[in-house]
>>> print(open('upload07.cif').read())   # mmCIF, C-alpha atoms
data_run
loop_
_atom_site.label_atom_id
_atom_site.label_comp_id
_atom_site.auth_asym_id
_atom_site.auth_seq_id
_atom_site.Cartn_x
_atom_site.Cartn_y
_atom_site.Cartn_z
CA MET A 14 -3.25 -12.06 6.21
CA LEU A 15 -1.48 -13.31 3.08
CA ARG A 16 1.70 -13.89 5.03
CA ARG A 17 -0.11 -16.07 7.55
CA VAL A 18 -1.58 -18.23 4.79
CA MET A 19 1.80 -18.73 3.13
CA ILE A 20 3.62 -19.46 6.37
CA ALA A 21 1.03 -22.14 7.17
CA LEU A 22 1.49 -23.71 3.76
CA LEU A 23 5.25 -23.63 4.15
CA ILE A 24 5.04 -25.39 7.51
CA VAL A 25 2.85 -28.10 6.01
CA GLY A 26 5.31 -28.57 3.16
CA LEU A 27 8.33 -29.03 5.44
CA THR A 28 9.10 -32.10 7.50
CA PRO A 29 8.91 -31.43 11.26
CA GLY A 30 12.58 -32.36 11.75
CA LEU A 31 13.78 -29.96 9.08
CA TRP A 32 11.61 -27.14 10.44
CA TRP A 33 12.86 -27.40 14.02
CA GLN A 34 16.52 -27.87 13.07
CA MET A 35 16.75 -24.74 10.93
CA PRO A 36 18.95 -22.25 12.85
CA ARG A 37 17.97 -18.60 12.87
CA PRO A 38 20.69 -16.53 11.18
CA THR A 39 22.36 -13.71 13.06
CA PRO A 40 20.44 -10.48 12.36
CA ILE A 41 22.13 -7.98 10.04
CA TYR A 42 21.57 -4.26 10.48
CA GLU A 43 23.94 -2.87 7.86
CA GLN A 44 22.48 -0.09 5.70
CA ARG A 45 23.34 -1.78 2.41
CA ILE A 46 20.48 -1.38 -0.02
CA ALA A 47 20.66 -2.15 -3.72
CA VAL A 48 18.30 -0.89 -6.43
CA ARG A 49 18.64 -2.49 -9.85
CA ALA A 50 16.57 -2.18 -13.00
CA VAL A 51 14.38 -5.10 -14.06
CA ALA A 52 13.84 -5.74 -17.76
CA PHE A 53 10.33 -5.96 -19.21
CA ASP A 54 8.81 -6.16 -22.68
CA PRO A 55 8.10 -2.63 -23.97
CA ALA A 56 5.38 -4.07 -26.18
CA ALA A 57 3.42 -4.94 -23.03
CA ALA A 58 4.02 -1.59 -21.33
CA GLN A 59 0.81 0.15 -22.40
CA LEU A 60 -1.71 -0.62 -19.68
CA GLY A 61 -4.91 1.15 -20.60
CA PRO A 62 -4.32 4.88 -20.01
CA LEU A 63 -1.17 4.10 -18.01
CA ARG A 64 2.24 3.28 -19.44
CA LEU A 65 4.90 1.33 -17.57
CA THR A 66 8.19 3.25 -17.86
CA GLY A 67 10.39 1.50 -15.32
CA VAL A 68 10.71 -1.43 -12.92
CA TRP A 69 13.35 -1.84 -10.22
CA GLN A 70 14.05 -4.51 -7.63
CA VAL A 71 15.17 -3.40 -4.19
CA THR A 72 17.21 -5.79 -2.04
CA SER A 73 18.91 -5.70 1.34
CA ALA A 74 20.07 -8.17 4.00
CA HIS A 75 18.93 -5.78 6.75
CA GLU A 76 16.80 -7.49 9.38
CA TRP A 77 14.05 -4.90 8.95
CA PHE A 78 13.91 -4.98 5.15
CA GLY A 79 10.79 -6.15 3.29
CA GLY A 80 7.06 -6.41 3.79
CA TYR A 81 6.29 -2.96 2.36
CA SER A 82 2.59 -2.20 2.28
CA ALA A 83 2.45 1.60 1.83
CA LEU A 84 4.30 4.16 -0.27
CA LEU A 85 4.56 7.98 -0.17
CA SER A 86 6.56 10.76 -1.74
CA VAL A 87 7.03 13.21 1.12
CA ARG A 88 10.20 14.96 0.00
CA PRO A 89 11.06 15.91 -3.61
CA GLY A 90 12.98 13.18 -5.40
CA ARG A 91 12.44 10.66 -2.57
CA LEU A 92 10.19 7.69 -1.89
CA LEU A 93 9.18 6.55 1.59
CA ALA A 94 7.80 3.05 2.14
CA PHE A 95 6.24 1.58 5.29
CA SER A 96 6.17 -2.11 6.17
CA ASP A 97 3.63 -4.20 8.01
CA ARG A 98 6.23 -4.67 10.75
CA GLY A 99 6.41 -0.95 11.40
CA HIS A 100 9.64 -0.25 9.54
CA THR A 101 10.50 2.30 6.86
CA LEU A 102 12.56 2.43 3.69
CA GLU A 103 13.56 5.83 2.33
CA LEU A 104 15.38 6.05 -0.98
CA ALA A 105 15.92 8.32 -3.93
CA ILE A 106 13.57 7.96 -6.86
CA PRO A 107 15.47 5.80 -9.37
CA GLY A 108 17.22 8.06 -11.85
CA VAL A 109 17.30 11.05 -9.48
CA ASP A 110 20.85 11.86 -8.41
CA GLY A 111 21.96 13.42 -5.15
CA GLY A 112 20.48 13.41 -1.68
CA PRO A 113 21.17 11.06 1.22
CA PRO A 114 21.71 7.34 0.60
CA PRO A 115 18.86 4.83 1.06
CA ARG A 116 18.06 4.08 4.67
CA ILE A 117 15.98 1.56 6.61
CA GLY A 118 14.45 2.77 9.86
CA SER A 119 11.51 2.40 12.22
CA ALA A 120 8.20 4.24 12.16
CA VAL A 121 7.22 3.08 15.65
CA GLY A 122 8.62 3.85 19.06
CA ASP A 123 9.51 0.25 19.82
CA PRO A 124 10.58 -1.81 16.77
CA ALA A 125 10.56 -4.94 18.94
CA ALA A 126 6.87 -4.58 19.86
CA LEU A 127 4.36 -7.20 18.80
CA LYS A 128 3.55 -7.08 15.10
CA ALA A 129 -0.14 -6.60 15.87
CA SER A 130 0.69 -3.24 17.45
CA ARG A 131 2.81 -1.93 14.54
CA ASP A 132 1.18 -3.36 11.41
CA ILE A 133 1.11 -0.45 8.93
CA GLU A 134 -1.05 -1.18 5.88
CA ALA A 135 -1.66 2.24 4.34
CA ALA A 136 -0.25 5.76 4.42
CA THR A 137 -1.30 9.19 3.21
CA TYR A 138 0.45 12.57 3.36
CA ASP A 139 -0.90 16.08 4.01
CA PRO A 140 1.56 18.49 2.34
CA GLN A 141 -0.12 21.56 3.85
CA ALA A 142 0.50 20.46 7.43
CA ASP A 143 3.54 18.30 6.55
CA GLU A 144 2.02 15.33 8.37
CA ILE A 145 1.86 11.61 7.64
CA PHE A 146 -1.15 9.46 8.50
CA LEU A 147 -0.90 5.68 8.85
CA ALA A 148 -3.64 3.05 8.85
CA MET A 149 -2.86 0.38 11.43
CA GLU A 150 -4.27 -3.10 10.94
CA PHE A 151 -5.21 -5.24 13.97
CA ARG A 152 -5.58 -2.01 15.99
CA ASN A 153 -8.06 -0.59 13.43
CA ALA A 154 -6.51 2.79 14.09
CA ILE A 155 -5.26 5.89 12.30
CA THR A 156 -1.99 7.43 13.44
CA ARG A 157 -0.68 10.93 12.74
CA MET A 158 3.04 11.67 12.85
CA THR A 159 5.70 14.00 11.47
CA PRO A 160 7.89 12.94 8.52
CA ASP A 161 10.75 12.28 10.97
CA MET A 162 8.50 9.68 12.68
CA GLN A 163 7.89 11.78 15.80
CA ASP A 164 4.90 13.26 17.65
CA TRP A 165 2.57 10.26 17.39
CA HIS A 166 -1.19 10.67 17.83
CA MET A 167 -3.59 7.76 17.41
CA ALA A 168 -7.36 7.51 16.95
CA PHE A 169 -9.75 4.57 16.72
CA PRO A 170 -12.64 5.46 14.40
CA ARG A 171 -15.86 3.90 15.72
CA LEU A 172 -17.00 2.37 12.43
CA MET A 173 -13.67 0.58 11.98
CA GLN A 174 -13.75 -1.23 15.31
CA GLY A 175 -15.85 -4.13 14.07
CA TRP A 176 -13.41 -4.98 11.29
CA SER A 177 -11.55 -8.28 11.52
CA GLY A 178 -8.14 -8.02 13.14
CA ASN A 179 -6.11 -9.15 10.12
CA GLN A 180 -8.50 -7.82 7.46
CA GLY A 181 -8.85 -4.26 8.66
CA PRO A 182 -7.93 -0.90 7.11
CA GLU A 183 -5.94 -1.68 3.97
CA ALA A 184 -6.16 1.50 1.84
CA MET A 185 -6.45 5.13 2.93
CA VAL A 186 -6.24 8.63 1.48
CA ARG A 187 -6.63 12.08 2.94
CA LEU A 188 -8.42 14.13 0.32
CA THR A 189 -7.44 17.71 -0.40
CA ASP A 190 -10.65 18.88 1.32
CA GLY A 191 -9.53 17.26 4.59
CA ARG A 192 -11.74 14.18 4.53
CA PHE A 193 -10.37 10.65 4.89
CA ILE A 194 -11.44 7.57 2.92
CA VAL A 195 -10.50 4.21 4.47
CA LEU A 196 -11.14 0.91 2.67
CA GLY A 197 -11.21 -2.38 4.53
CA GLU A 198 -9.72 -5.58 3.17
CA LEU A 199 -12.50 -7.75 4.60
CA SER A 200 -15.19 -8.69 2.11
CA GLU A 201 -18.89 -8.90 2.92
CA GLY A 202 -18.91 -12.70 2.69
CA TRP A 203 -18.97 -15.34 -0.01
CA ARG A 204 -22.10 -13.87 -1.58
CA LYS A 205 -20.42 -10.46 -1.99
CA PRO A 206 -16.68 -11.21 -2.20
CA ASP A 207 -15.97 -7.98 -4.10
CA SER A 208 -17.71 -5.68 -1.59
CA HIS A 209 -15.49 -4.17 1.11
CA PRO A 210 -16.72 -2.24 4.17
CA SER A 211 -15.33 1.29 4.14
CA VAL A 212 -15.51 4.55 6.08
CA LEU A 213 -15.59 8.23 5.15
CA LEU A 214 -14.29 10.53 7.91
CA ALA A 215 -15.26 14.21 7.77
CA GLY A 216 -11.90 15.31 9.17
CA ASP A 217 -8.77 14.34 11.08
CA PRO A 218 -9.77 11.92 13.88
CA THR A 219 -6.40 12.25 15.65
CA ARG A 220 -7.00 15.83 16.84
CA GLY A 221 -9.17 14.74 19.76
CA ALA A 222 -12.45 16.31 18.65
CA PRO A 223 -15.32 14.07 17.44
CA VAL A 224 -15.34 13.53 13.68
CA ALA A 225 -18.43 12.51 11.71
CA GLU A 226 -18.16 8.99 10.26
CA GLN A 227 -20.12 7.47 7.38
CA ALA A 228 -20.09 3.82 6.38
CA PHE A 229 -20.24 2.71 2.76
CA THR A 230 -19.11 -0.22 0.63
CA PHE A 231 -16.36 -0.18 -1.98
CA THR A 232 -16.53 -2.35 -5.09
CA GLY A 233 -13.70 -2.39 -7.61
CA ASP A 234 -12.26 -5.07 -9.85
CA SER A 235 -13.91 -8.47 -9.47
CA GLY A 236 -11.73 -10.94 -7.59
CA TYR A 237 -9.32 -8.27 -6.32
CA ARG A 238 -8.94 -6.67 -2.90
CA PRO A 239 -7.98 -3.01 -2.24
CA THR A 240 -4.46 -2.41 -0.94
CA GLU A 241 -3.85 1.35 -1.33
CA MET A 242 -5.15 4.57 -2.87
CA ALA A 243 -4.04 8.10 -3.74
CA GLN A 244 -5.70 11.24 -5.08
CA LEU A 245 -5.19 12.61 -8.58
CA PRO A 246 -4.92 16.35 -9.30
CA ASP A 247 -8.52 16.35 -10.63
CA GLY A 248 -9.87 15.10 -7.29
CA ARG A 249 -10.53 11.50 -8.27
CA VAL A 250 -8.52 8.67 -6.75
CA LEU A 251 -6.64 5.65 -8.01
CA VAL A 252 -7.20 2.47 -6.01
CA LEU A 253 -4.60 -0.28 -6.18
CA GLN A 254 -5.95 -3.80 -5.86
CA ARG A 255 -4.29 -7.18 -5.50
CA ARG A 256 -5.26 -10.77 -6.24
CA LEU A 257 -3.64 -13.98 -5.02
CA LEU A 258 -3.63 -16.34 -8.00
CA TRP A 259 -1.97 -19.37 -6.45
CA PRO A 260 -1.03 -19.74 -2.78
CA PHE A 261 2.13 -21.87 -2.98
CA PRO A 262 4.41 -20.76 -4.43
CA PRO A 263 2.56 -17.44 -4.31
CA ARG A 264 1.68 -15.71 -7.58
CA PHE A 265 -0.15 -12.40 -7.82
CA ALA A 266 -1.85 -9.99 -10.16
CA GLY A 267 -2.74 -6.36 -9.63
CA SER A 268 -5.40 -3.94 -10.77
CA ILE A 269 -5.75 -0.16 -10.82
CA VAL A 270 -9.23 1.32 -10.42
CA LEU A 271 -10.47 4.90 -10.83
CA ALA A 272 -13.08 6.17 -8.35
CA ASP A 273 -14.62 9.59 -7.71
CA PRO A 274 -15.18 10.80 -4.11
CA ALA A 275 -18.01 12.96 -5.45
CA ASP A 276 -19.97 9.74 -5.97
CA LEU A 277 -19.74 8.66 -2.32
CA ARG A 278 -23.10 8.23 -0.56
CA PRO A 279 -23.60 7.01 3.04
CA GLY A 280 -24.65 3.38 3.23
CA GLN A 281 -24.37 2.84 -0.52
CA VAL A 282 -21.87 1.20 -2.87
CA TRP A 283 -18.96 3.26 -4.15
CA ARG A 284 -18.02 1.73 -7.50
CA GLY A 285 -14.72 2.12 -9.26
CA THR A 286 -13.87 1.85 -12.95
CA VAL A 287 -11.14 -0.63 -13.83
CA LEU A 288 -8.35 1.10 -15.76
CA THR A 289 -5.97 -1.82 -16.16
CA GLN A 290 -4.76 -5.11 -14.74
CA LEU A 291 -1.13 -5.84 -13.91
CA LYS A 292 -0.26 -9.38 -14.93
CA ARG A 293 2.46 -11.57 -16.34
CA PRO A 294 4.52 -11.55 -18.53
CA LEU A 295 5.28 -8.20 -16.85
CA PRO A 296 7.33 -8.51 -13.64
CA VAL A 297 4.51 -8.59 -11.07
CA ASP A 298 4.29 -9.47 -7.40
CA ASN A 299 2.18 -8.63 -4.36
CA PHE A 300 1.18 -5.01 -5.12
CA GLU A 301 0.48 -3.14 -1.87
CA GLY A 302 1.65 0.48 -2.04
CA LEU A 303 0.80 3.36 -4.40
CA THR A 304 1.67 7.05 -4.55
CA ILE A 305 1.13 9.75 -7.17
CA ILE A 306 3.70 12.41 -8.09
CA PRO A 307 2.56 15.27 -10.38
CA ALA A 308 4.87 16.20 -13.24
CA ALA A 309 5.49 19.65 -14.75
CA ASP A 310 3.82 18.73 -18.05
CA GLY A 311 0.46 18.00 -16.43
CA LYS A 312 1.01 14.26 -16.41
CA VAL A 313 1.56 12.24 -13.24
CA GLN A 314 3.87 9.46 -12.21
CA VAL A 315 2.19 6.55 -10.46
CA TRP A 316 4.61 4.61 -8.27
CA LEU A 317 3.86 1.12 -6.92
CA ILE A 318 5.69 -1.08 -4.43
CA THR A 319 5.23 -4.78 -3.72
CA ASP A 320 5.19 -6.62 -0.40
CA ASP A 321 7.55 -9.61 -0.53
CA ASN A 322 5.90 -11.21 2.52
CA MET A 323 9.45 -11.96 3.71
CA ALA A 324 9.42 -14.92 1.33
CA VAL A 325 12.39 -16.07 -0.77
CA THR A 326 10.04 -16.68 -3.70
CA GLN A 327 8.93 -13.01 -3.83
CA ARG A 328 10.51 -9.65 -4.58
CA THR A 329 10.32 -6.03 -3.48
CA LEU A 330 9.59 -4.27 -6.77
CA LEU A 331 9.14 -0.61 -7.61
CA TRP A 332 7.02 0.24 -10.64
CA ARG A 333 6.88 3.62 -12.34
CA LEU A 334 3.87 4.30 -14.53
CA GLU A 335 3.07 7.44 -16.50
CA LEU A 336 -0.47 8.75 -16.72
CA ASP A 337 -1.95 11.67 -18.63
CA PRO A 338 -5.17 12.60 -16.76
CA ALA A 339 -6.62 13.69 -20.11
CA ASP A 340 -6.70 10.00 -21.11
CA LEU A 341 -8.93 9.03 -18.18
CA PRO A 342 -12.64 8.32 -18.62
CA ALA A 343 -14.83 11.41 -18.24
CA ARG A 344 -16.61 11.97 -14.95
CA ARG A 345 -20.07 10.47 -14.78
#
>>> encode(input="upload07.cif", output="structure tokens")
Amino acid sequence: MLRRVMIALLIVGLTPGLWWQMPRPTPIYEQRIAVRAVAFDPAAAQLGPLRLTGVWQVTSAHEWFGGYSALLSVRPGRLLAFSDRGHTLELAIPGVDGGPPPRIGSAVGDPAALKASRDIEAATYDPQADEIFLAMEFRNAITRMTPDMQDWHMAFPRLMQGWSGNQGPEAMVRLTDGRFIVLGELSEGWRKPDSHPSVLLAGDPTRGAPVAEQAFTFTGDSGYRPTEMAQLPDGRVLVLQRRLLWPFPPRFAGSIVLADPADLRPGQVWRGTVLTQLKRPLPVDNFEGLTIIPAADGKVQVWLITDDNMAVTQRTLLWRLELDPADLPARR
């Protein structure tokens, strides 16, 4: 949705002659991907219970690069990002040596298919079954696949079918007990702009058998919309949220919210606790993807990725935050 808004503003800002005379460059498919560190002020690195320990910018001229809206860690020492055009970016965690070089690929059978049929907005991983689940916007669907992007199975949860095409499933997690939480981007109107229709699924809907569905509403940080979520070792989840501050040129802020699945009740509001906001002067952009990697010392690494909206004014950034679960607020 954000990309549509910014494209419209760009068209308005350009003269018709200039717009129509701009030639389309020849597509590049070379696997040249650069990852470079981005400086930030260490004095601003403490963000509530989280601490920012690294920022990197990822660049590539590859035709499929950019637009990343989901992030996972499926293999040790690796990150796997999915774009809203159905493409993937796999790369080593910055600072981890060895392994294959970064690579851009496709998560869908036909990378030339219409964007509405391959718009990936969220991803979650089941390590027990070694399966990836994707939330597909426009189709309001959940897809199951193997880590090598094979063996696709798709389901269309009933309670998600009324969601707006470009404001559909935006954040999703498969909990360790097998349930799925899916948060929609659409708000409940101007009177409740911070309330987002959401669904709790009792199990995997892609297996063919009926799965119980329960509707509820998610409310997090005021003025922010959910973009991704992941489960902590203690069972609670972190929800990444994003706010558009100024449409042209686009400027963004982010927010990280803590929520407890034990508090979920059908038809009621699931409220999160704001842990921190991600703002300037730190290097921020359009935060869309989040994954959690446990560390040996009991702490966790929280990785974020930004969606550059294929805009020259934006960047694909990777953030690494450190979190000690002992510093989180106690359960209610």
>>> atom_distance(input="upload07.cif", atom1="CA of Gly79 in chain A", atom2="CA of Met323 in chain A")
6.0 Å
>>> resolve_selection(input="upload07.cif", expression="the PyMOL selection byres ((chain A and resi 236) around 10)", output="list of chain:residue names")
A:Pro206, A:Asp207, A:Ser208, A:Gly233, A:Asp234, A:Ser235, A:Tyr237, A:Arg238, A:Gln254, A:Arg255, A:Arg256, A:Leu257, A:Leu258, A:Ser268
>>> atom_distance(input="upload07.cif", atom1="CA of Glu43 in chain A", atom2="CA of Val68 in chain A")
24.7 Å
>>> atom_distance(input="upload07.cif", atom1="CA of Ala58 in chain A", atom2="CA of Ile269 in chain A")
14.4 Å
>>> closest_residue(input="upload07.cif", among="A:Arg88, A:Arg64, A:Arg157, A:Arg131", to="Val313 in chain A", atoms="all atoms listed in the file")
A:Arg64
>>> closest_residue(input="upload07.cif", among="A:Ser82, A:Gln327, A:Thr137, A:Asn322", to="Arg187 in chain A", atoms="all atoms listed in the file")
A:Thr137
>>> closest_residue(input="upload07.cif", among="A:Glu201, A:Asp276, A:Asp321, A:Asp298", to="Gly80 in chain A", atoms="all atoms listed in the file")
A:Asp321
>>> closest_residue(input="upload07.cif", among="A:Pro218, A:Pro40, A:Gly280, A:Gly112", to="Leu147 in chain A", atoms="only C-alpha atoms")
A:Pro218
>>> closest_residue(input="upload07.cif", among="A:Asp320, A:Asp143, A:Glu183, A:Asp54", to="Val252 in chain A", atoms="all atoms listed in the file")
A:Glu183
>>> closest_residue(input="upload07.cif", among="A:Pro342, A:Pro115, A:Pro239, A:Pro160", to="Leu85 in chain A", atoms="all atoms listed in the file")
A:Pro160
>>> decode(input="upload07.cif", residues="range 312-338 of chain A", atoms="N, CA and C atoms", output="PDB file, in the first residue's frame")
ATOM      1  N   LYS A 312      20.381 -14.617  26.117  1.00  0.00           N
ATOM      2  CA  LYS A 312      19.872 -13.442  25.431  1.00  0.00           C
ATOM      3  C   LYS A 312      19.403 -13.827  24.025  1.00  0.00           C
ATOM      4  N   VAL A 313      18.811 -12.867  23.335  1.00  0.00           N
ATOM      5  CA  VAL A 313      18.393 -13.105  21.954  1.00  0.00           C
ATOM      6  C   VAL A 313      18.862 -11.951  21.083  1.00  0.00           C
ATOM      7  N   GLN A 314      19.087 -12.262  19.825  1.00  0.00           N
ATOM      8  CA  GLN A 314      19.304 -11.232  18.818  1.00  0.00           C
ATOM      9  C   GLN A 314      17.985 -10.988  18.092  1.00  0.00           C
ATOM     10  N   VAL A 315      17.641  -9.735  17.939  1.00  0.00           N
ATOM     11  CA  VAL A 315      16.446  -9.336  17.204  1.00  0.00           C
ATOM     12  C   VAL A 315      16.919  -8.649  15.927  1.00  0.00           C
ATOM     13  N   TRP A 316      16.629  -9.276  14.794  1.00  0.00           N
ATOM     14  CA  TRP A 316      17.049  -8.735  13.505  1.00  0.00           C
ATOM     15  C   TRP A 316      15.856  -8.085  12.798  1.00  0.00           C
ATOM     16  N   LEU A 317      16.084  -6.935  12.212  1.00  0.00           N
ATOM     17  CA  LEU A 317      15.064  -6.203  11.465  1.00  0.00           C
ATOM     18  C   LEU A 317      15.562  -5.958  10.050  1.00  0.00           C
ATOM     19  N   ILE A 318      14.632  -5.874   9.103  1.00  0.00           N
ATOM     20  CA  ILE A 318      14.964  -5.480   7.737  1.00  0.00           C
ATOM     21  C   ILE A 318      13.942  -4.455   7.272  1.00  0.00           C
ATOM     22  N   THR A 319      14.392  -3.519   6.433  1.00  0.00           N
ATOM     23  CA  THR A 319      13.509  -2.478   5.930  1.00  0.00           C
ATOM     24  C   THR A 319      13.149  -2.741   4.472  1.00  0.00           C
ATOM     25  N   ASP A 320      11.986  -2.264   4.090  1.00  0.00           N
ATOM     26  CA  ASP A 320      11.478  -2.335   2.720  1.00  0.00           C
ATOM     27  C   ASP A 320      11.775  -0.996   2.055  1.00  0.00           C
ATOM     28  N   ASP A 321      12.585  -1.009   0.999  1.00  0.00           N
ATOM     29  CA  ASP A 321      12.959   0.246   0.340  1.00  0.00           C
ATOM     30  C   ASP A 321      11.920   0.746  -0.648  1.00  0.00           C
ATOM     31  N   ASN A 322      10.816  -0.017  -0.803  1.00  0.00           N
ATOM     32  CA  ASN A 322       9.745   0.386  -1.715  1.00  0.00           C
ATOM     33  C   ASN A 322      10.245   0.652  -3.131  1.00  0.00           C
ATOM     34  N   MET A 323      11.418   0.104  -3.460  1.00  0.00           N
ATOM     35  CA  MET A 323      12.027   0.307  -4.780  1.00  0.00           C
ATOM     36  C   MET A 323      12.221   1.788  -5.089  1.00  0.00           C
ATOM     37  N   ALA A 324      12.463   2.582  -4.070  1.00  0.00           N
ATOM     38  CA  ALA A 324      12.600   4.025  -4.216  1.00  0.00           C
ATOM     39  C   ALA A 324      14.051   4.441  -3.999  1.00  0.00           C
ATOM     40  N   VAL A 325      14.529   5.387  -4.799  1.00  0.00           N
ATOM     41  CA  VAL A 325      15.921   5.828  -4.689  1.00  0.00           C
ATOM     42  C   VAL A 325      16.165   6.592  -3.397  1.00  0.00           C
ATOM     43  N   THR A 326      15.106   7.072  -2.757  1.00  0.00           N
ATOM     44  CA  THR A 326      15.256   7.828  -1.519  1.00  0.00           C
ATOM     45  C   THR A 326      15.290   6.934  -0.290  1.00  0.00           C
ATOM     46  N   GLN A 327      15.150   5.612  -0.463  1.00  0.00           N
ATOM     47  CA  GLN A 327      15.100   4.687   0.672  1.00  0.00           C
ATOM     48  C   GLN A 327      16.214   3.650   0.584  1.00  0.00           C
ATOM     49  N   ARG A 328      16.377   2.913   1.703  1.00  0.00           N
ATOM     50  CA  ARG A 328      17.464   1.943   1.783  1.00  0.00           C
ATOM     51  C   ARG A 328      16.952   0.606   2.316  1.00  0.00           C
ATOM     52  N   THR A 329      17.658  -0.448   1.946  1.00  0.00           N
ATOM     53  CA  THR A 329      17.463  -1.762   2.558  1.00  0.00           C
ATOM     54  C   THR A 329      18.463  -1.864   3.702  1.00  0.00           C
ATOM     55  N   LEU A 330      17.962  -1.782   4.927  1.00  0.00           N
ATOM     56  CA  LEU A 330      18.802  -1.801   6.112  1.00  0.00           C
ATOM     57  C   LEU A 330      18.566  -3.076   6.913  1.00  0.00           C
ATOM     58  N   LEU A 331      19.620  -3.582   7.493  1.00  0.00           N
ATOM     59  CA  LEU A 331      19.549  -4.654   8.477  1.00  0.00           C
ATOM     60  C   LEU A 331      19.933  -4.074   9.828  1.00  0.00           C
ATOM     61  N   TRP A 332      19.098  -4.323  10.819  1.00  0.00           N
ATOM     62  CA  TRP A 332      19.405  -3.923  12.203  1.00  0.00           C
ATOM     63  C   TRP A 332      19.610  -5.171  13.046  1.00  0.00           C
ATOM     64  N   ARG A 333      20.597  -5.105  13.935  1.00  0.00           N
ATOM     65  CA  ARG A 333      20.782  -6.154  14.936  1.00  0.00           C
ATOM     66  C   ARG A 333      20.626  -5.533  16.319  1.00  0.00           C
ATOM     67  N   LEU A 334      19.662  -6.044  17.070  1.00  0.00           N
ATOM     68  CA  LEU A 334      19.441  -5.593  18.431  1.00  0.00           C
ATOM     69  C   LEU A 334      19.671  -6.752  19.389  1.00  0.00           C
ATOM     70  N   GLU A 335      20.149  -6.440  20.565  1.00  0.00           N
ATOM     71  CA  GLU A 335      20.348  -7.452  21.607  1.00  0.00           C
ATOM     72  C   GLU A 335      19.297  -7.257  22.691  1.00  0.00           C
ATOM     73  N   LEU A 336      18.741  -8.372  23.154  1.00  0.00           N
ATOM     74  CA  LEU A 336      17.700  -8.313  24.177  1.00  0.00           C
ATOM     75  C   LEU A 336      17.941  -9.403  25.211  1.00  0.00           C
ATOM     76  N   ASP A 337      17.947  -9.009  26.472  1.00  0.00           N
ATOM     77  CA  ASP A 337      17.956  -9.966  27.572  1.00  0.00           C
ATOM     78  C   ASP A 337      16.515 -10.115  28.050  1.00  0.00           C
ATOM     79  N   PRO A 338      15.883 -11.288  27.845  1.00  0.00           N
ATOM     80  CA  PRO A 338      14.483 -11.448  28.258  1.00  0.00           C
ATOM     81  C   PRO A 338      14.241 -11.106  29.723  1.00  0.00           C
TER      82      PRO A 338
END
